[in-house]
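Engineer: Handing you this structure, nothing more for now.
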Amino acid sequence: MKIKSLNHLMKASLLSILIISGVSCKNNQKDYEKEDNQLITLNEYRFKDLNKNGELDLYEDSRLTIEERVKDLIDKLNDEEKASLLIGIGMPGFDWETMQFMAGADLGKVPGAAGGTHKIKRLGIPSVIVADGPAGLRINPERDNDTITYYATAFPVGTALASTWNEKLINNVGKAIGNEVKEYGVDVLLGPGMNIHRNPLCGRNFEYYSEDPMLSGKIAAAIINGIQSNGVGTSVKHFVANNQERNRMGINAHVSERAMREIYLRGFEITVKNAQPWTIMSSYNFVNGTYTSSSKDLLTTILRDEWGFKGLVMTDWFGGYNNSGFNPNILKNEVSDVTKQLTAGNDLLMPGLTKQKESIIKNIKNGNLTNEAIDTNLKRILELVLKSPAMNNYKYSNKPNLKEHAEVTRQVAAEATILLKNDNNTLPFNSKSSSLAVFGNTTYNFIAGGTGSGDVNEAYTVSLIEGLTNAGFSIDKELESKYLPYVKEQNIKEMARREKEGGLLAVPKRIPELELDKSTIQNKANSSEIALITIGRNAGESGDREITNDFNLAKDEINLINNVSEAFHAKGKKVVVILNIGGVIETASWKDKVDAILLPWQPGQEGGNSVADVITGKVNPSGKLTMTFPVNYEDAAATKNWIGAPAENPTSVTYEEGIYVGYRYFNTFNVKPSYEFGYGLSYTSFDYSNLTLSSKTFTDKISISVTITNTGKTAGKEVAELYLSAPEKSIDKPREELKAFGKTNLLQPGESQTITLTLNTKDLASFIPNKNAWIVDAGTYKVLVGTSSLNIKQKAQFSIENELIVEKTNPTLALDLQFTDLKH
Ligand code: BGC
C-alpha cells in the first residue's frame, strides 16, 4: 500500500507517527500498523478495502483535518457525482405513481427512515441516513422476513418536554434519543422542531416548544446537545416562520424584520450558538416573497455570517415545490429552482428527485451554478458524511436499551405535567377504598403523541387506565366495559378513514364521547370516591386545528363534564379533568365546574404511568405553561391574521401582530387569559426571597440570584422565571419578556435553594430595524422574578447610563407587501 502525496500528509500529522518495524503497536492515541515499510493508521488500514488501487487517498486519512480531506474528495468528484450528492436518495421503496410504498420493495439500510445522502461507491463514501423525529426516532418497527422488531421509544411531545423548564432533564432525553438513533444505524435525527406557537390552531404545535423564543432556544439546545453527544446529528426544523400547516408549501408569510429577529429567528439563533446542530431544515413556506430554501438572507447572511452556523442546511421534503398535497404530477414534471436554492446556502435538496439532479447538471454545464457555489454546498455535506457513524463504519447493535429509556420517558412526562387547578387539595389522590370512575374516551386510548412525521412507532402505549391499575387503583368495571369496546370500534373506523385519506398525513378526527345516561353516572357518583374525566385531542402534519369542536370543547364533552360534575358534586365528591392534548384548548367556560385539572399533554408511551405518578403524588407536578391559554380563541392578536387568504387555501398571511405573540400581547395589552404563560401549580408552596443583583448598574453582564424555599409539606421543584421590563426609548416594547429561568432541585419541606441567573447585553436588547442593530436603551430595567408571567414574587431594578449598540446586522428580509406591525 502506498501513501499518496506524502508531503501533504507529513505536513499534516507526521508528528504522531511511531516507527516500529514489523509489528503493530499502540500509543495512547492511535494504533499503527506496519506494512510494506510504510506506516499507516488502523483507520487507513480499514479503508484499504475500499480503494481499488490499493492506494490511500488524502480524504481517507483521518489524521488530516476534515477540511483537507473534504477538499481532496471534492477534487475527485465528477459533475454527475457532485449532482448526486446535492440531492437526497429519494424515499427508498416509494412509488411516485401510486404515492405509496411498494410491497416487498427494498427500503434501504434503515426501513422507515425518511431518506439519506447518496453514496459514492468508487470512493467508499457511504450514504448518511436521516430519520424523523422529534418525539423519538421514527423508523419501521418491523421488516420483511425478519423476526426482530425495531421499536423506538415515544417520548413526550415537544410542548410537553418544554413544559418541564428543565434543561438538564431534557439533555438526558436527548442522550436517550441519540442512543436509539445511533444503535439503529441512523446518522441524523430530523428534529427538534422549534417553530413558535403563533396561534393555538397550528396543527404541529405539539411538536414545537413554546410561544417564547428564549425558552424554545434553550430547550432545543439542551436536547440537541444530548442527542449529538452520541456522535449523531440533528436537523433543527423548520427554518423559519412555518407557523401553519394549511398550504404550508405555498404560503407566503409577510413578517417584519423585527418580528423575525426577535420572535421567529431568535430561538434558532440561541440554539445555533449554544448547540451547533449538525444540520438545519429549511421550511416549506415563503418569507416576504422568497422560499426559505432559496433565501440567501436567511441561510447565508443571518444563519452563517451573523450567527456562525457551521453545519449544512437541507430542504424539508420537496421544499421549493409549490405543492401542498404532494401531487405526483408536479413532483414528476416540475423542478424546484435548484440554482437559487443551492446558491442561497441550502446545501442538500430532500428527499431528492431525478429532475433536480438533471437540472443541477444542466446548470453546472451552462455556468449558472458555479463550482465555487456548489463546492461550498458539497463541503458542508461531506463534512457531515465524514463525521457520521456510517463513515466510521459504526457497528450498530439494533438493540438500544428500550427498558432504560422507558424509565426516562416516564420520568420526564411526569415532570412535564402541569397542575392547572387543585381546589381544596383534590390531588394527590391515593385512596384505594373504592373503584375509580374514569370517564372520557381517551382515558382508554391514551394519545402518546401527534400524527405525521412526528409520530413514533413505539412498542406500546400505557393508557391511563393501565397506569392507574399499575398504581394499585381498581377501575370501575361497568364503565370500562362500556368504554373499551366503543373506543376500540371507533378507533378501527378512524384508522381506516385515515388510511384512505392520506395515511400518515391524514388529519386525525376526534372520536365523539361515548354517551352515558344520567343514571349510569349517578350510580358511579354513589359507588366511587372521585371522578376522572379525560379530554383528548390529536393533530398533526398537513392540517391545522379548528375553533369549533376542537379549540372549543364539543357539545358531547361539555355534557360529560356537566353531568359528571353535577352528579359527583351532589354527593360531595370531586372531579378531576385530565387534558391529553397536543395544543391549547378553551378552559375558561368549564374550569369552574371541576375541582382539579391536570395537563400532561401527549406524554409519550409511558403516559398512563406518568399521569398516575402525579395523581398519587409519587411525583409532585412542577410543569409550567410554555404558552398562554386564552379565555376566547379570538383574544390573541395573531388570531386576527390567521390563517391568511383565501382561507381555504391561503397563499398569503401577514403577521401584523409583529412581536406581540403570546404573553407579549396578553400582558402588554392587559388581556386577561384563562391561564397565563409560565403558570403551573404544585402540591406544595414556595416562598421567594433575597432577590440580589450583582450590580445596580449594567455594563456587560449582570447576575441575579433569588432564594426559593419550600414552605409546604411535600417535596417539590419550582421554576424561577425571570422577566425583564425594559425602558422604551428607541422602540415600543412588550411590558415584560422572559429572559432567563432556572429550576430548583427537589426541595424537601423547609429546604431552600438559591438560583443564580445571568443576563448578557443581548438579553437586554431590542432589534431596531432602521438602525440595523440590536440596541440596549439607556434607562431603568425592572427585574421581575416570579412563579408565572403574572405572578411576580420579587422585584429589583438596575440602570444603564448610555445606550449600547450590541450588534450591527445586515439589512435583510425586505417586505414584499407594505404593512405596519402592531404597536402599543
Ligand atoms: C415534514 C418534516 C419531516 C419530513 C421528512 C416533512 O413532510 O414537514 O418535518 O422531517 O417530512 O419526513
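Note on naming: chains are A, B, ... as they come in the C-alpha cells, residues start from 1 per chain, ligands start from 1 in the order shown.
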Any chance you could list, as JSON, numbers by chain, the residues in region 509-661 of chain A that come up alpha helix (DSSP H) when DSSP is run on the backbone?

Structural biologist: {"A": [518, 519, 520, 521, 522, 523, 524, 525, 526, 527, 555, 556, 557, 558, 559, 560, 561, 562, 563, 564, 565, 566, 567, 568, 569, 570, 607, 608, 609, 610, 611, 612, 613, 614, 615, 616]}

Engineer: Using only C-alpha atoms and all ligand atoms, which residues of the polymer chains come no farther than 10 Å from ligand 1? I'd like the answer as a PyMOL selection string.

Structural biologist: chain A and resi 91+112-115+130-134+138+189-193+204+207+235-238+242+245+248-249+281-284+315-319+326+350-351+452-454+504-505+541-542

Engineer: For Asn398 (chain A), which of A:Gly325, A:Pro141, A:Pro727, A:Pro200 is the closest residue, counting only C-alpha atoms?

Structural biologist: A:Pro141

Engineer: Find the nearest atom pair between each residue of region 444-532 of chain A and region 155-176 of chain A for residues within 12 Å, count only C-alpha atoms, give distances in Å to one decimal, sort rows by chain and ascending number, and present the table as CSV.

Structural biologist:
residue,atom,partner,partner_atom,distance
A:Ile447,CA,A:Pro156,CA,10.2
A:Ala448,CA,A:Pro156,CA,7.0
A:Gly449,CA,A:Val157,CA,5.8
A:Gly450,CA,A:Val157,CA,7.6
A:Thr451,CA,A:Val157,CA,10.7
A:Gly454,CA,A:Val157,CA,8.5
A:Asp455,CA,A:Val157,CA,9.2
A:Val456,CA,A:Phe155,CA,8.5
A:Asn457,CA,A:Phe155,CA,10.9
A:Glu458,CA,A:Phe155,CA,9.3
A:Tyr460,CA,A:Phe155,CA,11.9
A:Thr461,CA,A:Phe155,CA,10.6

Engineer: When distances are computed from only C-alpha atoms, which of A:Thr756, A:Gln244, A:Asn791, A:Asn745 shows the smallest separation from Tyr675 (chain A)?

Structural biologist: A:Asn791

Engineer: Of the residues A:Pro621, A:Leu479, A:Asn430, A:Leu58, which is the one nearest to Ile530 (chain A), using only C-alpha atoms?

Structural biologist: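 Among the listed residues, A:Asn430 lies closest to Ile530 (chain A).
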
Engineer: List the neighbours of Thr548 (chain A) out to 12 Å using only C-alpha atoms; skip same-chain residues closer than 5 positions along the sequence, and give me the result as number ranges by chain.

Structural biologist: A: 201, 510, 553-555, 585-586, 632-633

Engineer: Please identify all polymer residues within 10 Å of Met99 (chain A), counting only C-alpha atoms, omitting same-chain residues fewer than 3 positions from it, and present them as a list in words.

Structural biologist: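 Listed by chain and then number, they are Phe94, Asp95, Trp96, Met102, Phe326, Asn327, Pro328 and Gly502 of chain A.
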
Engineer: Can you tell me, as a VMD selection string, what residues are no more than 9 Å from Lys218 (chain A) when counting only C-alpha atoms, ignoring any on the same chain fewer than 5 positions away?

Structural biologist: chain A and resid 167 213 223 267 270 to 271 274

Engineer: For C-alpha atoms, I'd like the residues from the last selection saved as a compact mmCIF listing (two decimals), in the first residue's frame.

Structural biologist:
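The resulting file, out29.txt, is reproduced below:
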# COMPACT_ATOMS: atom_id res chain seq x y z
CA GLU A 167 -32.67 21.77 30.63
CA PRO A 213 -38.21 32.11 21.61
CA ILE A 223 -31.95 18.25 23.62
CA GLY A 267 -34.94 30.67 19.21
CA ILE A 270 -29.93 30.70 20.64
CA THR A 271 -29.89 27.07 19.54
CA ASN A 274 -25.46 27.00 22.19

Engineer: Which residues in region 124-244 of chain A does DSSP call strand (DSSP E or B)? List them as a ChimeraX atom specification.

Structural biologist: /A:125,129-132,188-190,193,233-239

Engineer: What is the distance between CA of Thr234 (chain A) and CA of Val188 (chain A), in Å to one decimal?

Structural biologist: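 Going from CA of Thr234 (chain A) over to CA of Val188 (chain A), I get 5.2 Å.
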
Engineer: Enter the distance from CA of Val577 (chain A) to CA of Val671 (chain A), in Å, rounded to one decimal.

Structural biologist: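 Going from CA of Val577 (chain A) over to CA of Val671 (chain A) covers 25.5 Å.
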
Engineer: Tell me which protein, DNA and RNA residues are within 12 Å of Asn333 (chain A), counting only C-alpha atoms, leaving out same-chain ones fewer than 3 positions away, and put them as a PyMOL selection string.

Structural biologist: chain A and resi 96+321+323+327-330+336+353-356

Engineer: With distances taken over only C-alpha atoms, which of A:Lys733, A:Lys640, A:Arg497, A:Lys618 is nearest to Leu427 (chain A)?

Structural biologist: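 When distances to Leu427 (chain A) are compared using only C-alpha atoms, the smallest one comes from A:Lys618.
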